[in-house]
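Engineer: Please see the structure below; I have some questions.
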Amino acid sequence: MDVRKTYKLFVNGEFVRSESGRAYRPDGGQVNVPRGSRKDLRDAVRAARTAFPAWAGRTAMNRGQILYRAAEMLDGRAAQFVELLGGARARRELDQAVETLVWYAGWTDKLPQVTGTVNPVAGPYFNFTIPEPTGVVGIVAPDDAPLLGLVRRVAPALCGGNVVVAMAAESRPLPALTLAEVFATSDLPAGVVNILTGQRKELLPWLASHMDVNAIDVAGCSGEEVKAIEESAAGNVKRVIKLPEGERSPYLIAAFMEMKTVWHPIGV
Amino acid sequence: MAITKKQSTALAKQVFEYAPAPEAVDHVKILPRYGLFIGGKMVAAHSKKRFPTINPATEKTLSEVVDADEVDVDRAVKAAGKAFESWARLPASRRARYLFRISRLLQERSRELAVVETMDGGKPIKESRDVDIPLSAAHFFYYGGWADKLEWAFPNRKPTPLGVAGQVIPWNFPLLMLAWKIAPALAAGNTVVLKPAETTPLSAMVFAEVCMQADLPPGVVNIVTGAGRTGSLVVSHPDVKKVAFTGSTEVGKLIQRAIAGTGKRLTLELGGKAANIVFEDAPLDQAVEGIVNGIYFNQGHVCCAGSRLLVQESIAEPLLEKLKRRLSTLRLGDPLDKNTDIGAINSRAQLEKIQGLVESGVEEGAELYQPECVIPERGFWFPPSLFTNVAQSYRIAREEIFGPVLSVLTFRTPNEAVEKANNTPYGLSAGVWTDKGSRILWMAERMRAGVVWANTFNRFDPTSPFGGYKESGFGREGGVHGLLPYVELN
């Protein structure tokens with residue numbers, strides 16, 4: 001007789017039940033998954049905000065090491081993920097997720113060199129522009145690739161020093177919750193990644209309207225959802241990131257970044 | 001020892017009187033009324049509604065412009081859409097040449113443009129002459145150079161234009177904001193419909209003449225005048241693929257909401273409440289000049305104005321003394337006078353907004369200091385003002401005043417300075433004054449703001465990206481980063 005796992009939300013580095021005490025069984029299965037509430041979402045945002053300065057302040061190299069460790073941890077659990085994902089494409093999805101983490105792990109200390117500039121202003125000033133993380137980023141995983149879809153957005157967001165509140169795919173949430181175990185064992189500080197499960201139509205409006213969320217990635221959302229998200233996002237001028245689902249580029253990392261320009265006079 | 005108002009008045013009187021030095025206006029021709037610039041020429045509008053644009057320093061009407069309606073906006077967008085087909089296909093080096101040509105024409109007509117800008121907007125002629133117009137020309141020159149080099153700006157991608165850009169700009173830097181909007185859009189192969197601000201349409205009308213002089217293909221640039229409603233028609237027109245707005249956060253949010261779900265690309269450059277932070281080791285005289293430039297430049301009608309002075313407690317007293325003395329030497333008056341430091345407030349509505357916020361500051365308990373200065377009888381004016389004894393919760397410390405009003409707060413430690421500076425929903429700019437290099441970089445790293453000026457303030461350059469964090473908007477204008485909002489990366 002096997003010892004079954006209780007699936008829990010991942011908030012502030014801890015595995016917790018929904019404060020609401022509710023659960024749902026996706027796809028008519030037998031596994032109880034927490035049905036996260038608005039309160040859970042707010043807890044996750046608060047945890048993320050608290051974790052932000054320290055994570056953004058880590059050296060690029062350190063963030064790269066941690067993302068690479070996440071790839072190691074994910075690869076080490078390959079069999080478990082393949083089983084969870086199921087189907088003929090499971091192995092490929094897992095491999096791509098590992099590869100995505102490795103790829104972005106190598107970007108942390110290159111992004112500023114590729115997207116930053118030294119600006120030759122017409123005056124005696126030293127002037128440069130560097131990318132900096134925008135802050136708390138909301139991410140919505142698509143249902144069709146519950147692992148890869150999430151990793152594809154979480155990795156570039158973390159790469160630049162952002163912190164994440166992610167919503168797992170509603171109909172297939174288990175890979176995301178197991179991914180939380182990968183992050184939990186990757187030296188990622190508590191609160192840097194938070195993963196919620198539950199009903200999208202219940203949580204999405206709160207994520208989109210939360211005043212302490214800086215950006216929201218809508219790759220996993222329907223057109224109707226995007227419209228509603230964009231309307232709510234206006235409340236605090238959230239960045240709505242709409243790059244294609246398959247995007248893998250420094251342009252995607254940069255979409256989670258703010259460009260900061262610093263001026264200083266040159267003189268004796 | 002703090003300086004009293006009486007003493008500072010006495011000091012002000014010691015300063016020798018300046019002879020009037022008015023800029024000539026006889027070389028400038030402002031038409032009594034303007035049409036709309038659509039499809040390469042000035043055309044009669046469908047809308048029969050017009051409104052006057054006045055000189056805020058005299059309240060005299062300068063001209064009348066059209067309050068463009070739905071039909072007018074549709075015509076402009078259609079003209080831009082038609083022009084897009086050929087403009088985007090034009091060899092990029094030709095697009096570059098048009099932009100260079102426009103840049104040169106702006107330089108050639110710089111004196112005229114400076115006078116028009118000052119008459120229509122109220123800003124001191126020395127600012128329009130030395131800042132607005134040269135920077136506008138430089139902006140076109142800079143982006144002219146990018147037009148045929150886009151593939152070097154975006155490694156591994158093929159950048160293509162988006163289509164018609166709908167652009168709405170504010171009244172504080174009318175021509176410069178026009179340049180910030182139009183130059184990168186055109187360089188990337190887009191065409192534009194631009195709506196200048198209601199109170200400052202005239203330099204855009206001169207720019208329309210420049211486009212004609214440059215033989216810019218018809219429809220590449222279209223300019224429709226009007227108020228907020230016209231702007232909302234421009235951004236919500238279904239054929240507009242890209243919206244760029246500079247203005248208040250309030251209107252920016254309305255636009256973001258209005259175009260939700262349309263797939264239009266959006267950049268917003270919105271309000272600010274910048275902290276200008278002075279540490280005890282800063283060169284005080286330099287810092288005073290920076291503070292003055294930070295908040296009184298362009299009457300404080302600057303989104304990135306250093307409107308919150310954070311001064312380290314140990315030097316608060318001597319710094320304020322110097323600052324007050326400096327304030328009393330600022331010359332308020334005729335914007336066309338070359339010695340004027342503080343011009344006219346842009347409009348009656350803006351003046352009332354400033355007055356309201358200043359009243360709230362006094363009511364909430366802050367202490368107001370204004371140097372004695374003679375306020376002209378006609379026109380809209382507000383003396384350079386500073387508030388001490390300001391709590392972070394006061395409206396004057398939280399809301400964008402967009403006027404020559406400085407709120408002074410103090411701090412003890414660098415960490416407290418960071419906390420206070422970032423304690424705002426805005427994040428456009430910040431200033432840091434200190435002699436210590438490592439502290440500059442430490443502070444610059446922690447400012448949640450798009451532009452950080454260290455030991456300087458309010459510097460702008462076409463190569464230097466500008467734009468905000470948080471509720472100050474998103475997207476950058478200027479530099480290679482300023483191209484991104486105008487291209488699709490294939």
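Residue names in the structure tokens use chain letters A, B, ... in the order shown, residue numbers from 1 in each chain, and ligand numbers from 1 in the order shown.
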Show me, as a PyMOL selection string, the residues that have an atom within 7 Å of segment 180-187 of chain A when counting only C-alpha atoms, minus same-chain residues fewer than 2 positions from it.

Structural biologist: chain A and resi 10+13+66+69-70+73-74+176-178+189+195

Engineer: Taking only C-alpha atoms into account, which residues of chain B are within 9 Å of chain A, as JSON, numbers by chain?

Structural biologist: {"B": [249, 252, 253, 254, 255, 256, 257, 258, 259, 260, 261, 262, 263, 268, 425, 441, 444, 445, 446, 448, 449, 450, 451, 452, 453, 454, 455, 456, 457, 459, 460, 461, 462, 463, 464, 465, 466, 467, 468, 469, 470, 471, 472, 473, 474, 475, 476, 479, 480, 481]}

Engineer: Go through segment 71-221 of chain A and collect every residue that DSSP, computed from the backbone, puts in helix (DSSP H, G or I); the answer should be as number ranges by chain.

Structural biologist: A: 71-76, 78-85, 90-105, 111-115, 148-159, 174-184, 200-209

Engineer: My list of candidates is B:Glu198, B:Asp26, B:Asp435, B:Asp337. Which is closest to Leu284 of chain B when distances are computed with only C-alpha atoms?

Structural biologist: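 Answer, going by the shortest atom-to-atom distance: B:Asp435.
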
Engineer: Run DSSP on the backbone and grab whatever in segment 116-177 of chain B lands in strand (DSSP E or B); send it over as a PyMOL selection string.

Structural biologist: chain B and resi 159-161+164-168

Engineer: Just want the 10 Å neighbourhood of Thr160 of chain B, counted on only C-alpha atoms, with same-chain residues fewer than 5 positions away dropped. Output as a list in words.

Structural biologist: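 In the requested form, the answer reads Ala88, Leu150, Glu151, Ala188, Gly189, Asn190, Tyr486, Val487, Glu488, Leu489 and Asn490 of chain B.
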
Engineer: Let's have the selection written as a tab-separated table (two decimals), in the first residue's frame, with N, CA and C atoms.

Structural biologist:
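Result saved to selection_23.tsv:
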chain	number	residue	atom	x	y	z
B	88	ALA	N	6.10	52.05	-45.33
B	88	ALA	CA	6.78	50.88	-44.77
B	88	ALA	C	7.64	50.19	-45.82
B	150	LEU	N	17.80	49.10	-38.24
B	150	LEU	CA	16.94	48.46	-37.24
B	150	LEU	C	17.38	47.03	-36.93
B	151	GLU	N	17.89	46.36	-37.96
B	151	GLU	CA	18.25	44.95	-37.71
B	151	GLU	C	19.43	44.82	-36.75
B	188	ALA	N	10.85	53.52	-37.61
B	188	ALA	CA	10.57	52.09	-37.69
B	188	ALA	C	9.61	51.75	-38.83
B	189	GLY	N	9.11	52.76	-39.52
B	189	GLY	CA	8.27	52.50	-40.69
B	189	GLY	C	6.78	52.60	-40.44
B	190	ASN	N	6.41	53.15	-39.30
B	190	ASN	CA	4.99	53.37	-39.02
B	190	ASN	C	4.55	54.73	-39.54
B	486	TYR	N	7.67	50.34	-31.28
B	486	TYR	CA	7.17	50.61	-32.63
B	486	TYR	C	7.47	49.51	-33.63
B	487	VAL	N	7.94	48.36	-33.14
B	487	VAL	CA	8.23	47.27	-34.07
B	487	VAL	C	7.60	45.96	-33.60
B	488	GLU	N	7.36	45.13	-34.58
B	488	GLU	CA	7.01	43.73	-34.33
B	488	GLU	C	8.30	42.96	-34.54
B	489	LEU	N	8.63	42.06	-33.60
B	489	LEU	CA	9.87	41.30	-33.77
B	489	LEU	C	9.55	39.93	-34.33
B	490	ASN	N	9.82	39.78	-35.61
B	490	ASN	CA	9.49	38.50	-36.23
B	490	ASN	C	10.68	37.55	-36.21

Engineer: Please list as number ranges by chain every residue within 7 Å of Phe81 of chain A, counting only C-alpha atoms and excluding residues in the same chain fewer than 4 positions away.

Structural biologist: A: 77, 85, 94, 175

Engineer: Based on the selection just made, write N, CA, C and O atoms of those residues as a compact mmCIF listing (two decimals), in the first residue's frame.

Structural biologist:
# COMPACT_ATOMS: atom_id res chain seq x y z
N ARG A 77 13.88 14.24 -11.09
CA ARG A 77 12.54 13.69 -10.84
C ARG A 77 11.81 13.39 -12.15
O ARG A 77 10.58 13.36 -12.20
N LEU A 85 2.51 13.78 -16.02
CA LEU A 85 2.05 14.42 -17.26
C LEU A 85 1.27 13.43 -18.11
O LEU A 85 0.26 13.77 -18.71
N LEU A 94 8.86 17.25 -20.47
CA LEU A 94 9.79 17.31 -19.33
C LEU A 94 11.16 17.75 -19.79
O LEU A 94 11.78 18.65 -19.20
N PRO A 175 1.33 18.66 -12.02
CA PRO A 175 2.73 18.95 -12.37
C PRO A 175 3.22 20.25 -11.76
O PRO A 175 4.37 20.32 -11.30

Engineer: So that I can see what lies close to Lys242 of chain B, please list as a list in words the residues with an atom at most 6 Å from it, counting only C-alpha atoms and leaving out residues fewer than 4 positions away in the same chain.

Structural biologist: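 Once the adjacent positions are removed, what remains is Ala165, Lys264, Arg265 and Leu266 of chain B.
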
Engineer: Find the residues near Glu59 of chain B: any atom within 7 Å, counting only C-alpha atoms, skip ones fewer than 4 places away on the same chain, and give them as a list in words.

Structural biologist: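 Once the nearby chain positions are removed, what remains is Ile54, Asn55, Arg378 and Gly379 of chain B.
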
Engineer: Mind checking which residues fall within 12 Å of Arg248 of chain A, counting only C-alpha atoms, ignoring those fewer than 6 positions away in the same chain, and posting them as a ChimeraX atom specification?

Structural biologist: /A:96-97,99-101,103-104,107,148-149,151-157,254-255 /B:156

Engineer: Taking only C-alpha atoms into account, name the residue in A:Met61, A:Leu188, A:Ala166, A:Cys221 that is nearest to Lys201 of chain A.

Structural biologist: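 Smallest separation from Lys201 of chain A among the options: A:Cys221.
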
Engineer: With only C-alpha atoms as the atoms that count, which of A:Gly160, A:Val268, A:Arg4, A:Ala44 lies nearest to Arg58 of chain A?

Structural biologist: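 The closest residue to Arg58 of chain A is A:Gly160.
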